[in-house]
Structure formats: C-alpha cells, structure tokens
Amino acid sequence: MPFFALIHCLDLLGTFVFALSGALVGANKKMDLLGMLVLAIVTAVGGGTLRSILIGDAPVPFLRDATYLLICCFATFIVFCFRLVLGKLEKAILVFDALGLGLFVSIGIWVALQKGLTPWASLLMGIITGSFGGVIRDVLSNEIPHIFQREIYATACFFGGLLFLVMHKFGVNQEWTITSSALLVCVIRLIALRFKLSLPKAEDP
Amino acid sequence: MPFFALIHCLDLLGTFVFALSGALVGANKKMDLLGMLVLAIVTAVGGGTLRSILIGDAPVPFLRDATYLLICCFATFIVFCFRLVLGKLEKAILVFDALGLGLFVSIGIWVALQKGLTPWASLLMGIITGSFGGVIRDVLSNEIPHIFQREIYATACFFGGLLFLVMHKFGVNQEWTITSSALLVCVIRLIALRFKLSLPKAEDP
Amino acid sequence: MPFFALIHCLDLLGTFVFALSGALVGANKKMDLLGMLVLAIVTAVGGGTLRSILIGDAPVPFLRDATYLLICCFATFIVFCFRLVLGKLEKAILVFDALGLGLFVSIGIWVALQKGLTPWASLLMGIITGSFGGVIRDVLSNEIPHIFQREIYATACFFGGLLFLVMHKFGVNQEWTITSSALLVCVIRLIALRFKLSLPKAEDP
C-alpha cells in the first residue's frame with residue numbers, strides 16, 4: 001500500500017534524524033564512539049520502546065525490526081566523521097527533527113488505539129513516543145531534560161494528537177488523519193522555535 | 001463495598017499529594033508548566049507503573065483509569081496558582097504524604113500477592129510502589145534520589161510491609177491487614193521526620 | 001547437570017561482585033545503608049531485568065528467585081563492615097567483575113535466543129544484560145554512565161557476543177559456546193584495563 005510505505009519511509013527518516021541528535025549530544029559530552037551509539041539508539045527508539053513497555057506490547061519494536069538499529073549505527077558513523085559539517089546544517093536538522101516528532105506522535109497514537117486503549121491514554125502514548133527518547137538521552141547525559149525547560153515541545157505533540165483524536169472520532173480516513181496531525185505538530189514546533197515561544201513558569205516566591 | 005471504596009478514595013488522595021510534591025519540585029527547578037505536570041505524573045504513578053512492568057501486568061494502571069492523570073493535572077494547576085500558600089502548608093503535606101506512602105505500600109503488596117508472587121517479592125513490590133515514584137522524580141530533576149540520603153523512608157515501607165505479610169500469614173482479614181500496615185508505615189515515617197532519624201552510613205576511609 | 005550447576009554458581013558469583021561494586025559506589029557517594037543496598041540491587045540485577053522487560057519475559061528474574069536479592073543484601077553488609085579492606089582488593093574485584101560481565105553477556109544471549117529473537121537482537125540483549133546494571137547505577141548516583149566515557153566495556157561484550165553467535169551458528173555445543181564467549185569478554189576487558197585502551201572520540205570542532 002503506497003501510503004503506508006511512505007509513512008514507513010518517513011518513520012525511518014525520523015529515526016535517522018533523532019539518532020543524529022543523540023549522537024551529536026554524545027560527541028559534545030566527549031563520549032566515545034560507543035557512548036555516541038547508545039545515545040543515538042535511546043534517542044531514536046526510546047520513546048517507542050517505553051510506549052510498548054507501558055502498553056505491554058513485547059518484544060519491543062526495535063527487537064523485531066533490525067532496520068532501526070542499522071539506521072542508528074549509520075547516523076553515529078555520520079556524526080563521527082562529519083561533525084563539523086553537521087554544525088552548519090543545524091537548521092535543516094531542526095526541521096527534520098520537527099517532522100520526525102510529528103510522525104512519531106501520530107504513529108504512537110495509532111498503535112495505542114489499535115491496542116484498544118482509550119483516546120486519552122492513546123494521546124499520552126503519542127506524546128511519550130515523540131518526546132521520551134529525548135528525555136532518556138538527557139538523563140543519560142546527566143542533564144535536566146530539555147523538554148522540561150525549553151520551548152514548546154510536548155505541547156506541540158499535545159495539540160497534534162488532539163487533532164488526530166478529533167479526526168479519528170469523525171471518521172476521517174487514516175491517511176488524512178496521520179498526515180494532518182503530524183503536520184500540525186511539525187508546524188507548531190517550527191513556529192515555537194522561530195519565535196522562541198515558551199510555556200509560562202510558576203511565579204518565584 | 002464500602003471498605004474498598006474508602007481505600008480507593010485514600011489511594012486517590014495519596015496520588016494527589018504525591019503529584020503536589022512532584023509539581024512543587026518542578027516549580028523549584030524553574031521548569032515550565034509541562035515539566036511540572038510530567039514530574040507530578042511520574043511522582044504519583046511512577047512507583048505503581050514500575051511495579052506493573054516488573055510483574056508483567058500491562059497495560060499499566062494509569063492507562064486503564066484516567067482518574068489518576070486528571071488528579072495530576074489538577075495538582076499541577078494548584079501548585080501553579082497557589083505556590084506561595086503551599087509553602088505554608090508544608091507540614092500538612094508531609095502528613096498526607098506519609099499516609100499516601102503507607103497506602104501505596106499496602107496496595108502494592110496486595111496486588112503482588114494477588115498476582116501469585118512470593119511474600120518477599122511482594123514486599124519488595126510494595127516498597128517500590130511506595131518509593132520509586134520519588135526516585136524517578138529526582139532522577140528527572142538531576143538529583144541523587146532523596147531516599148538514598150535522607151531520613152527513614154524505604155525503611156518505614158519495609159516494616160509496614162513486614163506487618164502486612166505477618167497478618168496475611170495468620171489469616172487476618174484484608175481490611176485490618178491493609179489498614180494496620182499502612183498506618184505503621186505512616187507512623188514510622190512521621191516519627192522519623194519529627195526526630196530527624198536517619199540510617200547509618202558506611203565509615204569514611 | 002553439572003555444567004549448568006557451574007554456570008549457575010558463576011552467575012551468582014557475578015551477581016555478588018556486581019553488587020559489591022554498586023554498594024561501594026553508594027558508600028563513596030555518602031549514601032545510607034538503604035541507598036547502598038538499592039545501588040547494589042540495581043547494579044547486580046538491572047541488566048537482566050531490563051532485558052526481561054524488553055523481551056516481555058515477566059515477572060522479571062529477581063522476582064522469581066530470591067537468591068539474587070539475598071546475595072545483594074550480603075554484599076551490602078560486607079561493604080558496610082569492611083569498606084577499608086575492600087579498597088586494597090580493588091584489582092581482585094576488577095578480575096571478578098570482568099568474569100561476571102562475560103557470564104552475564106553469554107547468559108543474556110542464550111536467554112534471548114531461547115525466546116526466539118533474531119541473532120542480532122540477541123547480541124544486543126547480551127550487551128544490555130552485561131552493561132546496563134552499571135548504567136542504571138551511574139544514573140541513580142547522578143553521574144554520566146562510565147561505559148560511555150571510559151575503557152573498552154560494551155565493546156568487549158560485543159566481540160564476546162559475536163563469538164557466541166558464530167559458534168551457535170556452526171552448531172558447537174552450549175557448554176563450549178557459553179564458556180568461550182564469556183572468557184573472550186573477560187580477556188578483552190582485562191587487556192583493555194591493563195593497557196588503558198579506549199575507543200576513539202569524535203574530533204573537537
């Protein structure tokens with residue numbers, strides 16, 4: 001089915017970009033090649049893996065399809081060899097990252113709904129699929145996770161996921177539902193980055 | 001059944017107080033609204049979720065009953081709006097927290113025994129249910145987990161859980177078993193806080 | 001069967017040595033007795049537990065066999081009482097640690113193959129079984145995990161695991177396969193320690 005082939009390609013592209021971001025963090029933290037690879041893997045597959053564990057869908061996806069791990073190895077190799085060049089592509093990477101985020105959220109909600117979860121639980125699974133790879137990456141590099149402190153990130157996942165649920169409720173077909181919600185996540189994320197939007201914080205005492 | 005209705009209410013109250021403590025840590029770490037919410041959720045449901053994953057009881061509880069997440073949202077909202085007032089209620093919160101801890105431990109052991117685990121494994125599951133939400137909260141806020149360093153915390157869980165197992169062994173009915181062990185955890189915890197009791201540490205070399 | 005009795009003994013010995021290393025880190029971080037015990041447990045059983053969760057093999061092993069937890073308690077007690085003496089045994093501990101690592105890797109791959117995973121996924125499960133207990137230990141003590149930064153560690157697991165897969169593929173019997181791969185991990189690790197070998201890092205920009 002050509003549509004799902006496209007989704008699969010974009011999923012792999014999202015995996016690749018997330019793996020790049022993980023390997024880059026590893027390199028910046030002066031980790032060795034292996035540390036970079038592990039960070040690439042957890043960033044790229046961590047969110048989907050946590051979703052699978054919480055739902056009870058084991059073995060987890062990256063054990064069933066080796067393509068994900070091969071992509072992480074490739075991304076780590078790229079960062080290891082061309083780190084200086086990548087620094088100049090930062091903006092392009094942020095765009096791909098936003099696109100990958102949107103796809104991961106849509107795919108996460110879709111998997112959760114297939115497993116019979118309620119819409120709200122599925123929305124949460126979508127957010128986790130999209131954002132927790134980065135959280136695990138930051139915990140392993142001994143940082144407070146970025147999504148807790150900066151920019152609109154999980155918020156973008158939330159509104160994109162909400163759109164998914166509404167379209168799903170009104171019986172719109174899967175192709176449009178997945179595409180629209182992924183794009184909404186991506187657009188909100190890019191707007192937030194462009195204008196440096198943030199959520200409010202609690203007042204200081 | 002009125003007794004289990006009461007237990008359920010106290011479980012939800014415990015969830016609320018744990019969520020308050022998570023959201024307060026987030027606010028103190030200058031996290032945004034979303035970071036506070038995530039910390040509230042992991043603190044409140046993290047222990048029970050880890051127990052379910054270790055036992056193999058998926059989907060995990062907070063995906064089956066949305067009440068837990070609603071309570072976390074509400075607690076985060078409270079902290080966001082009334083952070084200054086909450087600072088003055090610190091002692092009341094510590095009492096509720098101790099009560100919630102006791103209930104979480106008892107419920108954790110009870111669930112594990114129902115699943116056919118051995119008594120010692122169930123005791124460990126009770127301790128994890130009560131204390132690991134706080135551990136995950138501290139890891140995500142980039143701190144060494146408090147229970148490793150301060151006050152009698154898991155120790156209180158241990159002795160309360162031991163009482164549960166003894167009463168269970170001698171066939172005391174569930175109502176008394178759950179209530180007594182939860183109260184024992186709560187009392188030990190409050191005494192330790194009041195007199196600043198701590199476990200010994202290894203001698204410095 | 002005497003061979004598997006020997007494997008079981010060595011598995012327990014590996015658990016003991018890993019638990020020692022966890023408790024020692026806890027003592028160095030000025031944790032109390034409980035913190036030391038928790039670090040001993042996560043270091044010793046963390047890798048195998050994560051493997052079981054990823055494969056979907058629950059309840060996890062340490063809930064099925066209480067011996068592991070008893071060993072962790074014993075190791076914590078030893079560190080608590082004889083911390084100064086242990087400092088002088090550091091080299092002996094590193095040798096046992098390398099042996100435990102090798103056995104954990106072999107056992108991890110073997111369990112994963114039994115569960116029907118592909119060879120590459122099994123190799124990854126072996127590496128995780130051997131090294132992720134230490135990763136969780138370092139996260140809980142608020143450090144960047146050592147294996148990301150120092151010495152050949154997961155690399156040793158990788159080559160030992162590769163030998164396991166090759167021998168398994170060519171139908172060598174289990175006894176030789178497990179022993180040889182465990183020894184290879186151990187030898188690579190000891191050579192790396194002796195000559196302070198490390199993986200390369202990405203160039204600084």
# chains A, B, ... in the order shown; residues from 1 in each chain; ligands from 1
$ residues_around --residues "range 90-92 of chain C" --least-positions-apart "5" --cutoff "10 Å" --atoms "only C-alpha atoms" --output "PyMOL selection string"
chain C and resi 21+85+97
$ interface_residues --of "chain C" --to "chain B" --cutoff "8 Å" --atoms "only C-alpha atoms" --output "list of chain:residue names"
C:Ala27, C:Lys30, C:Met31, C:Asp32, C:Leu33, C:Leu34, C:Gly35, C:Met36, C:Thr49, C:Ile53, C:Gly56, C:Asp57, C:Ala58, C:Pro59, C:Val60, C:Leu63, C:Arg64, C:Ala66, C:Val79, C:Phe80, C:Cys81, C:Arg83, C:Leu84, C:Val139, C:Leu140, C:Ser141, C:Asn142
$ atom_distance --atom1 "CA of Cys186 in chain C" --atom2 "CA of Gly14 in chain C"
11.8 Å
$ closest_residue --among "A:Gly134, A:Gly102, A:Gly126, A:Pro119" --to "Arg189 in chain A" --atoms "only C-alpha atoms"
A:Gly102
$ residues_around --residues "Ile107 in chain C" --least-positions-apart "4" --cutoff "10 Å" --atoms "only C-alpha atoms" --output "ChimeraX atom specification"
/C:7-8,11,48,101-103,111-113,125-126,129-130,178,182
$ write_last_selection --atoms "N, CA and C atoms" --output "PDB file, in the first residue's frame"
ATOM      1  N   ILE C   7      27.594 -23.020  35.776  1.00  0.00           N
ATOM      2  CA  ILE C   7      27.160 -21.743  35.226  1.00  0.00           C
ATOM      3  C   ILE C   7      26.347 -20.968  36.264  1.00  0.00           C
ATOM      4  N   HIS C   8      25.444 -21.677  36.951  1.00  0.00           N
ATOM      5  CA  HIS C   8      24.604 -21.011  37.942  1.00  0.00           C
ATOM      6  C   HIS C   8      25.461 -20.432  39.066  1.00  0.00           C
ATOM      7  N   ASP C  11      27.142 -17.406  37.778  1.00  0.00           N
ATOM      8  CA  ASP C  11      26.145 -16.339  37.669  1.00  0.00           C
ATOM      9  C   ASP C  11      25.948 -15.670  39.026  1.00  0.00           C
ATOM     10  N   GLY C  48      19.802  -7.679  33.645  1.00  0.00           N
ATOM     11  CA  GLY C  48      18.921  -8.800  33.342  1.00  0.00           C
ATOM     12  C   GLY C  48      17.458  -8.409  33.393  1.00  0.00           C
ATOM     13  N   LEU C 101      30.901 -10.079  34.046  1.00  0.00           N
ATOM     14  CA  LEU C 101      30.442  -9.432  32.817  1.00  0.00           C
ATOM     15  C   LEU C 101      30.316 -10.446  31.688  1.00  0.00           C
ATOM     16  N   GLY C 102      31.373 -11.254  31.513  1.00  0.00           N
ATOM     17  CA  GLY C 102      31.355 -12.251  30.445  1.00  0.00           C
ATOM     18  C   GLY C 102      30.195 -13.223  30.603  1.00  0.00           C
ATOM     19  N   LEU C 103      30.000 -13.692  31.839  1.00  0.00           N
ATOM     20  CA  LEU C 103      28.916 -14.649  32.054  1.00  0.00           C
ATOM     21  C   LEU C 103      27.557 -14.010  31.806  1.00  0.00           C
ATOM     22  N   VAL C 111      19.438 -16.651  26.751  1.00  0.00           N
ATOM     23  CA  VAL C 111      18.020 -16.469  27.088  1.00  0.00           C
ATOM     24  C   VAL C 111      17.270 -15.855  25.903  1.00  0.00           C
ATOM     25  N   ALA C 112      17.878 -14.858  25.264  1.00  0.00           N
ATOM     26  CA  ALA C 112      17.192 -14.178  24.162  1.00  0.00           C
ATOM     27  C   ALA C 112      16.981 -15.127  22.979  1.00  0.00           C
ATOM     28  N   LEU C 113      17.984 -15.967  22.676  1.00  0.00           N
ATOM     29  CA  LEU C 113      17.819 -16.926  21.578  1.00  0.00           C
ATOM     30  C   LEU C 113      16.708 -17.924  21.909  1.00  0.00           C
ATOM     31  N   MET C 125      20.744  -7.888  23.376  1.00  0.00           N
ATOM     32  CA  MET C 125      20.250  -8.258  24.709  1.00  0.00           C
ATOM     33  C   MET C 125      21.404  -8.723  25.604  1.00  0.00           C
ATOM     34  N   GLY C 126      22.391  -9.402  25.026  1.00  0.00           N
ATOM     35  CA  GLY C 126      23.548  -9.802  25.809  1.00  0.00           C
ATOM     36  C   GLY C 126      24.323  -8.602  26.324  1.00  0.00           C
ATOM     37  N   THR C 129      22.321  -6.962  29.057  1.00  0.00           N
ATOM     38  CA  THR C 129      22.386  -7.739  30.295  1.00  0.00           C
ATOM     39  C   THR C 129      23.702  -7.478  31.027  1.00  0.00           C
ATOM     40  N   GLY C 130      24.797  -7.382  30.278  1.00  0.00           N
ATOM     41  CA  GLY C 130      26.095  -7.207  30.907  1.00  0.00           C
ATOM     42  C   GLY C 130      26.339  -5.801  31.409  1.00  0.00           C
ATOM     43  N   ILE C 178      29.068 -21.064  25.551  1.00  0.00           N
ATOM     44  CA  ILE C 178      28.939 -20.133  26.681  1.00  0.00           C
ATOM     45  C   ILE C 178      30.298 -19.853  27.306  1.00  0.00           C
ATOM     46  N   ALA C 182      32.164 -16.136  27.130  1.00  0.00           N
ATOM     47  CA  ALA C 182      32.343 -15.465  28.420  1.00  0.00           C
ATOM     48  C   ALA C 182      33.824 -15.170  28.657  1.00  0.00           C
TER      49      ALA C 182
END
$ residues_around --residues "Leu99 in chain C" --least-positions-apart "3" --cutoff "12 Å" --atoms "only C-alpha atoms" --output "VMD selection string"
chain C and resid 7 10 to 18 92 to 96 102 to 106 130 156 to 157 160 179 to 190
$ residues_around --residues "Val45 in chain C" --least-positions-apart "5" --cutoff "9 Å" --atoms "only C-alpha atoms" --output "number ranges by chain"
C: 15, 18-19, 40, 50, 61-62, 68-69, 129, 133
$ write_last_selection --atoms "N, CA and C atoms" --output "PDB file, in the first residue's frame"
ATOM      1  N   THR C  15      26.812 -11.906  40.164  1.00  0.00           N
ATOM      2  CA  THR C  15      25.855 -11.060  40.868  1.00  0.00           C
ATOM      3  C   THR C  15      26.481 -10.454  42.113  1.00  0.00           C
ATOM      4  N   PHE C  18      29.080  -7.713  41.135  1.00  0.00           N
ATOM      5  CA  PHE C  18      28.383  -6.513  40.671  1.00  0.00           C
ATOM      6  C   PHE C  18      27.723  -5.792  41.847  1.00  0.00           C
ATOM      7  N   ALA C  19      27.141  -6.555  42.776  1.00  0.00           N
ATOM      8  CA  ALA C  19      26.507  -5.947  43.949  1.00  0.00           C
ATOM      9  C   ALA C  19      27.546  -5.230  44.807  1.00  0.00           C
ATOM     10  N   ALA C  40      23.298  -1.620  45.080  1.00  0.00           N
ATOM     11  CA  ALA C  40      23.800  -2.988  44.887  1.00  0.00           C
ATOM     12  C   ALA C  40      22.805  -3.795  44.056  1.00  0.00           C
ATOM     13  N   LEU C  50      16.185  -5.335  32.744  1.00  0.00           N
ATOM     14  CA  LEU C  50      15.856  -4.564  31.547  1.00  0.00           C
ATOM     15  C   LEU C  50      15.690  -5.500  30.344  1.00  0.00           C
ATOM     16  N   PRO C  61      13.372 -11.883  36.440  1.00  0.00           N
ATOM     17  CA  PRO C  61      14.059 -12.973  37.150  1.00  0.00           C
ATOM     18  C   PRO C  61      14.212 -12.762  38.657  1.00  0.00           C
ATOM     19  N   PHE C  62      14.564 -11.555  39.115  1.00  0.00           N
ATOM     20  CA  PHE C  62      14.863 -11.420  40.547  1.00  0.00           C
ATOM     21  C   PHE C  62      13.602 -11.548  41.398  1.00  0.00           C
ATOM     22  N   TYR C  68      19.083 -13.967  44.335  1.00  0.00           N
ATOM     23  CA  TYR C  68      19.756 -12.764  43.860  1.00  0.00           C
ATOM     24  C   TYR C  68      19.692 -11.639  44.896  1.00  0.00           C
ATOM     25  N   LEU C  69      18.494 -11.441  45.470  1.00  0.00           N
ATOM     26  CA  LEU C  69      18.364 -10.351  46.440  1.00  0.00           C
ATOM     27  C   LEU C  69      19.140 -10.651  47.720  1.00  0.00           C
ATOM     28  N   THR C 129      22.321  -6.962  29.057  1.00  0.00           N
ATOM     29  CA  THR C 129      22.386  -7.739  30.295  1.00  0.00           C
ATOM     30  C   THR C 129      23.702  -7.478  31.027  1.00  0.00           C
ATOM     31  N   GLY C 133      23.194  -2.721  34.071  1.00  0.00           N
ATOM     32  CA  GLY C 133      23.142  -2.574  35.519  1.00  0.00           C
ATOM     33  C   GLY C 133      24.028  -1.413  35.966  1.00  0.00           C
TER      34      GLY C 133
END
$ atom_distance --atom1 "CA of Phe4 in chain A" --atom2 "CA of Trp176 in chain A"
11.9 Å
$ decode --residues "range 65-82 of chain B" --atoms "N, CA, C and O atoms" --output "mmCIF file, in the first residue's frame"
data_model
loop_
_atom_site.group_PDB
_atom_site.id
_atom_site.type_symbol
_atom_site.label_atom_id
_atom_site.label_comp_id
_atom_site.auth_asym_id
_atom_site.auth_seq_id
_atom_site.Cartn_x
_atom_site.Cartn_y
_atom_site.Cartn_z
ATOM 1 N N ASP B 65 -7.151 3.696 33.978
ATOM 2 C CA ASP B 65 -8.064 4.550 34.734
ATOM 3 C C ASP B 65 -7.566 5.995 34.653
ATOM 4 O O ASP B 65 -6.567 6.357 35.271
ATOM 5 N N ALA B 66 -8.284 6.825 33.884
ATOM 6 C CA ALA B 66 -7.822 8.186 33.615
ATOM 7 C C ALA B 66 -7.874 9.091 34.847
ATOM 8 O O ALA B 66 -7.310 10.181 34.843
ATOM 9 N N THR B 67 -8.558 8.619 35.923
ATOM 10 C CA THR B 67 -8.679 9.457 37.118
ATOM 11 C C THR B 67 -7.312 9.896 37.628
ATOM 12 O O THR B 67 -7.135 11.049 38.047
ATOM 13 N N TYR B 68 -6.336 8.978 37.589
ATOM 14 C CA TYR B 68 -5.011 9.309 38.097
ATOM 15 C C TYR B 68 -4.411 10.518 37.374
ATOM 16 O O TYR B 68 -3.866 11.430 37.999
ATOM 17 N N LEU B 69 -4.537 10.526 36.047
ATOM 18 C CA LEU B 69 -3.950 11.630 35.286
ATOM 19 C C LEU B 69 -4.706 12.928 35.536
ATOM 20 O O LEU B 69 -4.100 14.001 35.620
ATOM 21 N N LEU B 70 -6.030 12.843 35.659
ATOM 22 C CA LEU B 70 -6.806 14.055 35.951
ATOM 23 C C LEU B 70 -6.368 14.653 37.281
ATOM 24 O O LEU B 70 -6.227 15.873 37.415
ATOM 25 N N ILE B 71 -6.145 13.784 38.261
ATOM 26 C CA ILE B 71 -5.694 14.270 39.568
ATOM 27 C C ILE B 71 -4.333 14.964 39.442
ATOM 28 O O ILE B 71 -4.096 16.012 40.056
ATOM 29 N N CYS B 72 -3.446 14.399 38.632
ATOM 30 C CA CYS B 72 -2.130 15.022 38.445
ATOM 31 C C CYS B 72 -2.263 16.399 37.782
ATOM 32 O O CYS B 72 -1.568 17.350 38.164
ATOM 33 N N CYS B 73 -3.147 16.519 36.791
ATOM 34 C CA CYS B 73 -3.381 17.819 36.154
ATOM 35 C C CYS B 73 -3.880 18.827 37.184
ATOM 36 O O CYS B 73 -3.412 19.972 37.242
ATOM 37 N N PHE B 74 -4.824 18.379 37.999
ATOM 38 C CA PHE B 74 -5.401 19.263 38.997
ATOM 39 C C PHE B 74 -4.333 19.717 40.009
ATOM 40 O O PHE B 74 -4.223 20.915 40.328
ATOM 41 N N ALA B 75 -3.512 18.769 40.458
ATOM 42 C CA ALA B 75 -2.466 19.108 41.430
ATOM 43 C C ALA B 75 -1.468 20.103 40.836
ATOM 44 O O ALA B 75 -1.022 21.041 41.516
ATOM 45 N N THR B 76 -1.127 19.917 39.555
ATOM 46 C CA THR B 76 -0.188 20.836 38.910
ATOM 47 C C THR B 76 -0.784 22.241 38.830
ATOM 48 O O THR B 76 -0.099 23.245 39.082
ATOM 49 N N PHE B 77 -2.077 22.296 38.502
ATOM 50 C CA PHE B 77 -2.770 23.573 38.423
ATOM 51 C C PHE B 77 -2.744 24.292 39.782
ATOM 52 O O PHE B 77 -2.464 25.492 39.865
ATOM 53 N N ILE B 78 -3.010 23.516 40.840
ATOM 54 C CA ILE B 78 -2.979 24.077 42.196
ATOM 55 C C ILE B 78 -1.600 24.670 42.506
ATOM 56 O O ILE B 78 -1.484 25.795 42.999
ATOM 57 N N VAL B 79 -0.563 23.901 42.208
ATOM 58 C CA VAL B 79 0.789 24.381 42.511
ATOM 59 C C VAL B 79 1.103 25.623 41.681
ATOM 60 O O VAL B 79 1.703 26.585 42.181
ATOM 61 N N PHE B 80 0.692 25.600 40.426
ATOM 62 C CA PHE B 80 0.971 26.729 39.549
ATOM 63 C C PHE B 80 0.335 28.015 40.081
ATOM 64 O O PHE B 80 0.949 29.085 40.049
ATOM 65 N N CYS B 81 -0.878 27.904 40.600
ATOM 66 C CA CYS B 81 -1.615 29.105 41.028
ATOM 67 C C CYS B 81 -1.319 29.508 42.469
ATOM 68 O O CYS B 81 -1.337 30.689 42.794
ATOM 69 N N PHE B 82 -1.099 28.517 43.333
ATOM 70 C CA PHE B 82 -1.041 28.830 44.764
ATOM 71 C C PHE B 82 0.268 28.386 45.394
ATOM 72 O O PHE B 82 0.295 27.894 46.519
#
